[in-house]
Amino acid sequence: MSLQKINEKKPLIHCITNYVVANFTANGLLTIGASPVMADAFEEVAEMTRIANALLLNIGTLNDRTVQSMLAAGKSANEHQVPIVLDPVGAGATAFRSQTTHTLLQQLKITLIRCNIGELAAIAGANWQAKGVDSGSGELDVVQTAKMIAKKYNCLVIVTGKEDVLTDGQQVEIIAGGHERITKITGSGCLLSAICAALLASSNEPFEDLAALLREYKQISLNAYASMGTF
Amino acid sequence: MSLQKINEKKPLIHCITNYVVANFTANGLLTIGASPVMADAFEEVAEMTRIANALLLNIGTLNDRTVQSMLAAGKSANEHQVPIVLDPVGAGATAFRSQTTHTLLQQLKITLIRCNIGELAAIAGANWQAKGVDSGSGELDVVQTAKMIAKKYNCLVIVTGKEDVLTDGQQVEIIAGGHERITKITGSGCLLSAICAALLASSNEPFEDLAALLREYKQISLNAYASMGTF
Amino acid sequence: MSLQKINEKKPLIHCITNYVVANFTANGLLTIGASPVMADAFEEVAEMTRIANALLLNIGTLNDRTVQSMLAAGKSANEHQVPIVLDPVGAGATAFRSQTTHTLLQQLKITLIRCNIGELAAIAGANWQAKGVDSGSGELDVVQTAKMIAKKYNCLVIVTGKEDVLTDGQQVEIIAGGHERITKITGSGCLLSAICAALLASSNEPFEDLAALLREYKQISLNAYASMGTF
């Protein structure tokens with residue numbers, strides 16, 4: 001079970017994430033045995049990343065200052081073999097988010113992109129109508145596009161949605177199930193990205209363990225829905 | 001029922017709000033069927049507002065950077081007929097908050113001001129002793145002052161407190177009831193402002209629907225208190 | 001009972017704190033009868049501190065802008081006899097955090113430092129391996145080091161951990177008990193610092209009341225654990 005590997009390793013996860021989900025992400029990581037640290041000052045991020053076991057870059061409430069910090073942290077991560085998860089929140093919704101996503105992908109070696117379909121479309125330059133930070137609507141061959149992006153950036157790609165897609169550019173895993181109610185909790189995708197970072201810090205078989213994690217996360221959303229009922 | 005209109009429209013609400021209540025606000029908006037997007041970078045706010053159905057400007061943790069973003073977003077909102085709700089958190093507590101509130105009211109066409117009595121007093125230049133971001137104490141004819149401000153800025157005004165006052169400068173609706181315990185949840189007023197933004201994005205009868213919303217919000221605080229008991 | 005003194009005084013607590021725990025801190029302070037206000041703009045912090053009953057400086061997500069605000073707020077606090085609690089989150093983890101902590105301690109008269117063992121070691125310049133914002137590991141005579149720091153800066157020091165240590169440089173109080181599960185809630189230490197600020201604003205016997213507060217906080221973590229069971 002992939003969450004168990006995290007609990008055994010207890011990795012330190014350096015998160016540069018948005019202020020909407022920072023608390024939820026920190027508590028989520030603590031619950032599974034990881035140690036979160038949120039730090040986004042340019043003066044310290046390279047140093048913080050160096051001692052971390054993984055780096056999370058989430059552009060949900062990016063600004064000019066934190067984009068520079070993301071680049072500095074990312075370069076430190078690459079230098080010290082610290083895996084990076086990129087969550088390109090809202091890529092496609094504004095030019096600033098799309099450009100920042102491209103800059104991060106070009107200047108850094110990213111280990112995993114965790115995104116929704118609209119963000120995938122923005123990364124691929126495909127035609128898509130984003131709706132803020134939600135997925136939006138359009139026509140896209142998700143599997144083919146995800147494979148293409150994984151190959152182009154030599155990284156893993158997870159696209160979450162009604163069906164989750166995981167690919168390394170060759171292998172593809174498709175995970176169905178889950179409950180859409182989870183999209184009613186802000187940051188459920190952001191937290192998943194953080195958990196993926198914790199898993200990359202704890203696993204020797206990232207592809208298999210990420211696939212298992214996605215299945216567990218789908219199941220958790222079903223269990224939560226069952227215990228909660230309607231409101 | 002006004003919340004139902006929001007759930008049917010599913011409006012995208014661009015929130016420039018404070019980091020204390022960002023998560024609570026996002027979850028609150030998701031619960032009623034709206035799509036929140038938090039974005040405060042100067043580089044992107046005009047573009048984000050353009051695709052939104054309403055804009056929320058909340059100065060709770062303002063700084064020089066975000067004030068510029070609020071102005072840019074607000075101008076974009078005015079240009080594209082996107083309604084704006086202003087929540088002047090802590091106006092009157094510091095000169096910076098009072099001045100920023102006046103700047104926003106002078107440079108932008110605001111659709112609705114949602115404030116407490118102390119903030120209303122600050123907008124009106126009345127004598128009042130604010131206590132941080134709480135309402136504080138003093139003597140003020142709330143109804144007359146709210147009407148005056150609504151006329152001056154040609155907007156709707158909601159002043160919440162033991163009794164809520166809603167006015168467009170002519171009509172006045174006064175809503176009593178509710179439970180003061182709701183003031184023990186940080187951001188209950190901020191969330192109401194966000195819900196008002198969602199309603200303005202979804203309603204053709206803003207005055208009537210806002211009055212209904214205020215009655216529902218009072219009732220929700222009573223229901224929550226009844227189900228919670230004391231602690 | 002120390003929390004009762006806070007509820008009677010209802011102090012206004014100006015918090016310059018990190019965005020991970022801002023909501024949790026605000027709700028925690030409201031629950032015990034204090035009024036939180038979060039404000040970190042350089043333009044307003046001196047004015048906000050002047051009307052506050054205590055100032056909390058928490059460097060959890062510091063940046064160059066907010067460090068300047070902390071100094072400005074702190075100087076205003078010193079000028080107006082407003083007590084200051086310093087929570088040096090992650091001191092020792094990065095040079096920026098260690099240096100900022102030293103700057104705050106040198107330029108301001110701090111009333112209470114509330115830290116963990118790793119942060120105490122960083123303040124004392126002792127050899128210690130921090131792990132992000134967690135305590136880390138090493139060898140340190142906590143009581144002697146805390147007394148030394150309390151004397152050096154003429155302040156109270158609380159070091160929390162398996163055993164809490166409170167000292168004014170002469171007297172020492174050691175509080176055992178509690179449950180480590182509380183460390184699984186992000187911000188439990190940050191909230192304690194905020195409650196200490198509220199207590200300093202409400203008490204005429206700070207040493208005795210802080211000791212009582214630490215005992216209550218330990219007890220609360222036990223009660224919460226008992227009511228929660230395992231998961």
# chains A, B, ... in the order shown; residues from 1 in each chain; ligands from 1
call {"tool": "interface_residues", "arguments": {"of": "chain C", "to": "chain A", "cutoff": "10 Å", "atoms": "only C-alpha atoms", "output": "number ranges by chain"}}
result
C: 18-24, 59-65, 90, 93-97, 130-134, 183-187, 231
call {"tool": "residues_around", "arguments": {"residues": "range 194-204 of chain B", "least_positions_apart": "3", "cutoff": "6 Å", "atoms": "only C-alpha atoms", "output": "list in words"}}
result
Lys5, Ile6, Lys9, Asn53, Ala54, Val85 and Leu191 of chain B
call {"tool": "atom_distance", "arguments": {"atom1": "CA of Lys75 in chain B", "atom2": "CA of His102 in chain B"}}
result
15.1 Å
call {"tool": "atom_distance", "arguments": {"atom1": "CA of Gly118 in chain A", "atom2": "CA of Asn78 in chain B"}}
result
27.4 Å
call {"tool": "select_by_dssp", "arguments": {"residues": "range 129-192 of chain A", "states": "strand (DSSP E)", "output": "JSON, numbers by chain"}}
result
{"A": [129, 130, 131, 134, 135, 136, 137, 156, 157, 158, 159, 164, 165, 166, 167, 172, 173, 174, 175]}
